[in-house]
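Asker: Enclosed is the structure file coords-v1.pdb (PDB, C-alpha atoms).
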ATOM      1  CA  MET A   1       0.000   0.000   0.000
ATOM      2  CA  ALA A   2       2.839   2.380   0.848
ATOM      3  CA  ARG A   3       4.376   1.767  -2.589
ATOM      4  CA  ILE A   4       1.116   2.679  -4.285
ATOM      5  CA  ILE A   5       0.856   5.896  -2.292
ATOM      6  CA  ILE A   6       4.467   6.798  -3.085
ATOM      7  CA  LEU A   7       3.884   6.060  -6.775
ATOM      8  CA  MET A   8       0.764   8.242  -6.741
ATOM      9  CA  ILE A   9       2.740  11.088  -5.140
ATOM     10  CA  ILE A  10       5.489  10.772  -7.756
ATOM     11  CA  VAL A  11       2.983  10.797 -10.623
ATOM     12  CA  ALA A  12       1.104  13.744  -9.135
ATOM     13  CA  SER A  13       4.370  15.634  -8.674
ATOM     14  CA  ALA A  14       5.342  15.017 -12.274
ATOM     15  CA  PHE A  15       2.030  16.395 -13.488
ATOM     16  CA  ALA A  16       2.265  19.347 -11.113
ATOM     17  CA  THR A  17       5.539  20.425 -12.709
ATOM     18  CA  TYR A  18       3.698  20.970 -15.964
ATOM     19  CA  SER A  19       2.891  24.643 -16.352
ATOM     20  CA  LEU A  20      -0.799  24.619 -15.554
ATOM     21  CA  THR A  21      -1.369  28.341 -15.909
ATOM     22  CA  ALA A  22      -0.223  29.011 -19.492
ATOM     23  CA  GLY A  23      -0.904  25.430 -20.545
ATOM     24  CA  LYS A  24      -4.443  25.427 -19.224
ATOM     25  CA  GLN A  25      -5.274  28.699 -20.974
ATOM     26  CA  ARG A  26      -4.210  27.408 -24.388
ATOM     27  CA  ALA A  27      -5.689  23.918 -23.899
ATOM     28  CA  THR A  28      -9.014  25.388 -22.731
ATOM     29  CA  ALA A  29      -9.123  27.594 -25.831
ATOM     30  CA  ALA A  30      -8.530  24.507 -27.970
ATOM     31  CA  GLU A  31     -11.200  22.349 -26.321
ATOM     32  CA  ALA A  32     -14.054  21.461 -28.621
ATOM     33  CA  ALA A  33     -17.521  21.208 -27.191
ATOM     34  CA  ALA A  34     -18.822  17.662 -27.187
ATOM     35  CA  PRO A  35     -21.396  17.245 -29.934
ATOM     36  CA  SER A  36     -24.909  17.387 -28.549
ATOM     37  CA  ASP A  37     -26.629  15.756 -31.510
ATOM     38  CA  GLY A  38     -26.423  12.168 -30.267
ATOM     39  CA  ARG A  39     -23.327  11.215 -32.299
ATOM     40  CA  ILE A  40     -21.174  10.344 -29.292
ATOM     41  CA  GLY A  41     -20.849   6.587 -29.107
ATOM     42  CA  ALA A  42     -23.086   5.999 -32.144
ATOM     43  CA  LEU A  43     -20.412   3.826 -33.821
ATOM     44  CA  ARG A  44     -19.459   1.861 -30.702
ATOM     45  CA  PRO A  45     -20.026  -1.895 -31.104
ATOM     46  CA  ASP A  46     -21.734  -3.820 -28.325
ATOM     47  CA  GLU A  47     -19.713  -5.137 -25.404
ATOM     48  CA  SER A  48     -19.344  -8.699 -26.676
ATOM     49  CA  GLU A  49     -18.016  -7.510 -30.045
ATOM     50  CA  LEU A  50     -15.577  -5.133 -28.336
ATOM     51  CA  ARG A  51     -14.200  -7.922 -26.182
ATOM     52  CA  ALA A  52     -13.927 -10.240 -29.186
ATOM     53  CA  THR A  53     -12.187  -7.784 -31.520
ATOM     54  CA  LEU A  54      -9.943  -5.677 -29.263
ATOM     55  CA  THR A  55      -6.738  -6.874 -27.633
ATOM     56  CA  PRO A  56      -6.684  -6.614 -23.828
ATOM     57  CA  ILE A  57      -4.594  -3.401 -23.938
ATOM     58  CA  GLN A  58      -6.850  -1.877 -26.621
ATOM     59  CA  TYR A  59      -9.881  -2.645 -24.477
ATOM     60  CA  ARG A  60      -8.312  -1.203 -21.304
ATOM     61  CA  VAL A  61      -7.221   1.981 -23.095
ATOM     62  CA  THR A  62     -10.310   2.693 -25.212
ATOM     63  CA  GLN A  63     -13.013   1.447 -22.835
ATOM     64  CA  GLU A  64     -11.502   1.856 -19.355
ATOM     65  CA  ASP A  65      -9.460   5.053 -19.960
ATOM     66  CA  ALA A  66      -6.121   3.365 -19.267
ATOM     67  CA  THR A  67      -2.753   4.566 -20.552
ATOM     68  CA  GLU A  68      -0.364   2.218 -22.330
ATOM     69  CA  PRO A  69       3.336   2.155 -21.392
ATOM     70  CA  SER A  70       5.448   4.908 -22.912
ATOM     71  CA  PHE A  71       8.107   3.868 -25.429
ATOM     72  CA  ASP A  72       6.574   0.366 -25.517
ATOM     73  CA  ASN A  73       3.776   0.803 -28.018
ATOM     74  CA  ALA A  74       3.202   0.369 -31.730
ATOM     75  CA  TYR A  75       3.316   3.887 -33.131
ATOM     76  CA  HIS A  76       5.524   6.193 -31.075
ATOM     77  CA  GLU A  77       8.448   5.717 -33.501
ATOM     78  CA  LEU A  78       6.498   5.097 -36.718
ATOM     79  CA  LYS A  79       7.483   7.587 -39.403
ATOM     80  CA  ASP A  80       5.543   6.177 -42.392
ATOM     81  CA  ASP A  81       3.027   8.285 -44.324
ATOM     82  CA  GLY A  82      -0.596   7.505 -43.575
ATOM     83  CA  ILE A  83      -3.491   8.203 -41.272
ATOM     84  CA  TYR A  84      -4.428   6.989 -37.818
ATOM     85  CA  VAL A  85      -8.006   5.888 -37.224
ATOM     86  CA  ASP A  86      -9.949   4.906 -34.120
ATOM     87  CA  ALA A  87      -9.179   1.246 -33.335
ATOM     88  CA  VAL A  88     -12.833   0.743 -32.385
ATOM     89  CA  SER A  89     -14.829   2.606 -35.048
ATOM     90  CA  GLY A  90     -12.349   3.324 -37.844
ATOM     91  CA  GLU A  91     -13.053   7.067 -37.694
ATOM     92  CA  PRO A  92     -10.166   9.069 -39.225
ATOM     93  CA  LEU A  93      -8.392  10.890 -36.391
ATOM     94  CA  PHE A  94      -4.802  11.967 -37.159
ATOM     95  CA  SER A  95      -2.344  12.261 -40.051
ATOM     96  CA  SER A  96       1.333  11.388 -40.129
ATOM     97  CA  ARG A  97       1.799  14.886 -41.625
ATOM     98  CA  ASP A  98       0.891  16.335 -38.211
ATOM     99  CA  LYS A  99       2.898  13.803 -36.187
ATOM    100  CA  TYR A 100       6.109  14.819 -34.456
ATOM    101  CA  GLU A 101       8.632  13.421 -31.981
ATOM    102  CA  SER A 102       7.631  14.806 -28.590
ATOM    103  CA  GLY A 103      10.058  12.689 -26.556
ATOM    104  CA  THR A 104       7.198  11.343 -24.432
ATOM    105  CA  GLY A 105       7.147   7.802 -25.826
ATOM    106  CA  TRP A 106       3.630   8.112 -27.244
ATOM    107  CA  PRO A 107       2.584   9.199 -30.728
ATOM    108  CA  SER A 108       2.042  12.960 -30.675
ATOM    109  CA  PHE A 109       0.269  15.187 -33.172
ATOM    110  CA  THR A 110      -0.180  18.950 -33.530
ATOM    111  CA  ARG A 111      -3.842  18.650 -34.517
ATOM    112  CA  PRO A 112      -6.567  16.171 -35.467
ATOM    113  CA  LEU A 113      -6.999  15.218 -39.113
ATOM    114  CA  ALA A 114     -10.782  15.398 -38.754
ATOM    115  CA  PRO A 115     -11.636  17.690 -35.797
ATOM    116  CA  GLU A 116     -15.284  16.677 -36.059
ATOM    117  CA  ASN A 117     -14.284  13.126 -35.060
ATOM    118  CA  VAL A 118     -12.777  14.067 -31.681
ATOM    119  CA  TYR A 119     -13.989  15.893 -28.621
ATOM    120  CA  THR A 120     -12.376  16.840 -25.353
ATOM    121  CA  LYS A 121     -13.422  16.821 -21.759
ATOM    122  CA  THR A 122     -11.814  17.628 -18.442
ATOM    123  CA  ASP A 123     -10.018  14.752 -16.730
ATOM    124  CA  ARG A 124      -9.244  15.147 -13.012
ATOM    125  CA  PHE A 125      -7.371  11.871 -12.413
ATOM    126  CA  LEU A 126      -5.075  12.196  -9.353
ATOM    127  CA  THR A 127      -6.603  15.645  -8.769
ATOM    128  CA  VAL A 128      -4.561  17.107 -11.640
ATOM    129  CA  GLU A 129      -6.732  18.693 -14.298
ATOM    130  CA  ARG A 130      -5.951  17.560 -17.849
ATOM    131  CA  THR A 131      -7.836  17.628 -21.132
ATOM    132  CA  GLU A 132      -8.862  14.165 -22.308
ATOM    133  CA  VAL A 133      -9.345  13.444 -26.025
ATOM    134  CA  ARG A 134     -12.080  11.005 -27.076
ATOM    135  CA  SER A 135     -13.486   9.871 -30.418
ATOM    136  CA  VAL A 136     -16.989  11.029 -31.231
ATOM    137  CA  GLY A 137     -18.312   7.947 -33.023
ATOM    138  CA  ALA A 138     -17.148   5.265 -30.596
ATOM    139  CA  ASP A 139     -16.507   7.427 -27.518
ATOM    140  CA  SER A 140     -13.078   5.769 -27.246
ATOM    141  CA  HIS A 141     -10.513   7.193 -24.850
ATOM    142  CA  LEU A 142      -7.614   8.243 -27.109
ATOM    143  CA  GLY A 143      -5.250  10.204 -24.855
ATOM    144  CA  HIS A 144      -4.803  13.824 -23.771
ATOM    145  CA  VAL A 145      -4.033  17.193 -25.322
ATOM    146  CA  PHE A 146      -1.481  19.547 -23.771
ATOM    147  CA  ALA A 147      -0.553  23.131 -24.575
ATOM    148  CA  ASP A 148       3.179  22.462 -24.901
ATOM    149  CA  GLY A 149       3.387  21.418 -28.548
ATOM    150  CA  PRO A 150       5.119  23.013 -31.528
ATOM    151  CA  GLN A 151       3.676  25.607 -33.850
ATOM    152  CA  PRO A 152       1.463  26.103 -35.746
ATOM    153  CA  THR A 153      -1.012  25.037 -33.030
ATOM    154  CA  GLY A 154       1.108  24.952 -29.871
ATOM    155  CA  LEU A 155      -0.746  21.759 -28.955
ATOM    156  CA  ARG A 156       0.445  18.211 -28.283
ATOM    157  CA  TYR A 157      -2.180  15.559 -28.874
ATOM    158  CA  CYS A 158      -0.517  12.741 -26.923
ATOM    159  CA  MET A 159      -2.318   9.570 -28.016
ATOM    160  CA  ASN A 160      -2.234   5.913 -27.018
ATOM    161  CA  SER A 161      -1.148   3.635 -29.876
ATOM    162  CA  ALA A 162      -3.614   1.053 -28.534
ATOM    163  CA  ALA A 163      -6.485   3.415 -29.358
ATOM    164  CA  LEU A 164      -5.330   3.818 -32.951
ATOM    165  CA  ARG A 165      -4.962   1.802 -36.130
ATOM    166  CA  PHE A 166      -2.518   2.995 -38.785
ATOM    167  CA  ILE A 167      -3.511   3.003 -42.458
ATOM    168  CA  PRO A 168      -0.449   3.417 -44.734
ATOM    169  CA  ALA A 169      -0.755   6.057 -47.470
ATOM    170  CA  ASP A 170      -0.463   3.452 -50.226
ATOM    171  CA  SER A 171      -3.363   1.466 -48.706
ATOM    172  CA  LEU A 172      -5.826   4.314 -48.154
ATOM    173  CA  VAL A 173      -7.981   3.589 -51.210
ATOM    174  CA  ALA A 174      -8.156  -0.159 -50.558
ATOM    175  CA  ALA A 175      -9.009   0.451 -46.890
ATOM    176  CA  GLY A 176     -11.853   2.853 -47.755
ATOM    177  CA  TYR A 177     -10.031   6.107 -46.914
ATOM    178  CA  GLY A 178      -9.365   7.288 -50.482
ATOM    179  CA  ALA A 179     -10.477  10.824 -49.636
ATOM    180  CA  TYR A 180      -7.191  11.259 -47.759
ATOM    181  CA  THR A 181      -4.814  10.247 -50.569
ATOM    182  CA  GLU A 182      -4.293  13.900 -51.598
ATOM    183  CA  LEU A 183      -2.482  14.490 -48.303
ATOM    184  CA  PHE A 184       0.355  12.256 -49.433
ATOM    185  CA  ARG A 185       0.795  13.151 -53.100
ATOM    186  CA  LYS A 186       4.390  14.166 -53.761
TER     187      LYS A 186
END
Step by step, read the file and then write its structure as structure tokens.
Answerer:
Amino acid sequence: MARIIILMIIVASAFATYSLTAGKQRATAAEAAAPSDGRIGALRPDESELRATLTPIQYRVTQEDATEPSFDNAYHELKDDGIYVDAVSGEPLFSSRDKYESGTGWPSFTRPLAPENVYTKTDRFLTVERTEVRSVGADSHLGHVFADGPQPTGLRYCMNSAALRFIPADSLVAAGYGAYTELFRK
């Protein structure tokens, strides 16, 4: 029990060192209001299908708001051209064109590919306020957005690889995402 408490204190201290004043102002300005038209969760399969199709880590991350280990996940070092979609619903979420190396060990992006497919909400885990990012269609937990990213947005969408599925640029048409091929024309 003492180890858990010490670990919680260490994690809380690490989050507390993040500049909450300037960071919160920019992140709050970037927060999108959750759609109120009933779209949230509309593409989420039923529980039995989720358990049958998702790996245990995908289920924990997308359905139970867990965080995968840093530096030990599928996409933090991936540099290929393509898009990242919701592992649950297939909604387009991020582009490799907006991906950058943040040094955090998770895939990080400056902005969503399709802003209408994500929404944010306040997360107060361990009493530290953060901005959680979720998919609209499946209501999957994706990760968090922070106001310490590079320009042009100043934002860092720090996502869990387990919440994403990568579609390579040369497979976009075959996978049903042909509308995004223009992003990768040389």
Asker: Using only C-alpha atoms, can you tell me which of A:Ser95, A:Ser89, A:Gln151, A:Thr127 comes closest to Ala42 in chain A?
Answerer: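 Nearest candidate to Ala42 in chain A out of A:Ser95, A:Ser89, A:Gln151, A:Thr127: A:Ser89.
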Asker: Name the residues captured by the PyMOL selection byres ((chain A and resi 58) around 9) when it is applied to the shown file; answer as a PyMOL selection string.
Answerer: chain A and resi 54-57+59-63+68+87-88+161-164
Asker: Got a sec to resolve the PyMOL selection byres ((chain A and resi 107) around 9) on this structure and send the residues as a list in words?
Answerer: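 Selected by the PyMOL selection byres ((chain A and resi 107) around 9) in this file: Asn73, Ala74, Tyr75, His76, Glu77, Leu78, Lys99, Tyr100, Glu101, Ser102, Thr104, Gly105, Trp106, Ser108, Phe109, Tyr157, Cys158, Met159, Asn160 and Ser161 of chain A.
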Asker: With only C-alpha atoms as the basis for distance, which of A:Glu64, A:Glu116, A:Glu91, A:Glu132 is at the shortest distance from Tyr177 in chain A?
Answerer: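 Among the listed residues, the smallest separation from Tyr177 in chain A belongs to A:Glu91.
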Asker: Pull out every residue that the PyMOL selection byres ((chain A and resi 80) around 8) matches in the shown coordinates and put them as a ChimeraX atom specification.
Answerer: /A:78-79,81-82,96,168
Asker: Kindly give the distance, in Å, that separates CA of Val145 in chain A and CA of Arg130 in chain A, rounded to a single decimal.
Answerer: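 Distance reported for this atom pair: 7.7 Å.
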Asker: Within 6 Å of Pro112 in chain A, counting all atoms listed in the file, which residues show up once you throw out same-chain ones fewer than 3 positions away? Write them as a count of residues only, please.
Answerer: 3
Asker: Might you pull out every residue within 12 Å of Leu43 in chain A, with all atoms listed in the file counted and same-chain residues fewer than 2 positions away left off, and present them as an NGL selection string?
Answerer: :A and (38-41 or 45-46 or 50 or 86-91 or 117 or 135-140)
Asker: List as a VMD selection string the protein and nucleic acid residues near Asp170 in chain A, meaning an atom at most 12 Å away when all atoms listed in the file are counted, but skip any in the same chain fewer than 5 places from it.
Answerer: chain A and resid 80 to 83 175 to 178 180 to 185
Asker: Quick one: of A:Leu172, A:Ala114, A:Val128, A:Ala66, who's nearest to His141 in chain A, counting all atoms listed in the file?
Answerer: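 Of A:Leu172, A:Ala114, A:Val128, A:Ala66, the one nearest His141 in chain A is A:Ala66, counting all atoms listed in the file.
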Asker: So which one's closest to Asp123 in chain A, A:Arg111, A:Val173, A:Gly143, A:Ser48? Using only C-alpha atoms, please.
Answerer: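 Ranking A:Arg111, A:Val173, A:Gly143, A:Ser48 by distance to Asp123 in chain A, first place goes to A:Gly143.
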Asker: Take CA of Ile167 in chain A and CA of Arg97 in chain A and report the distance between them in Å, one decimal.
Answerer: 13.0 Å
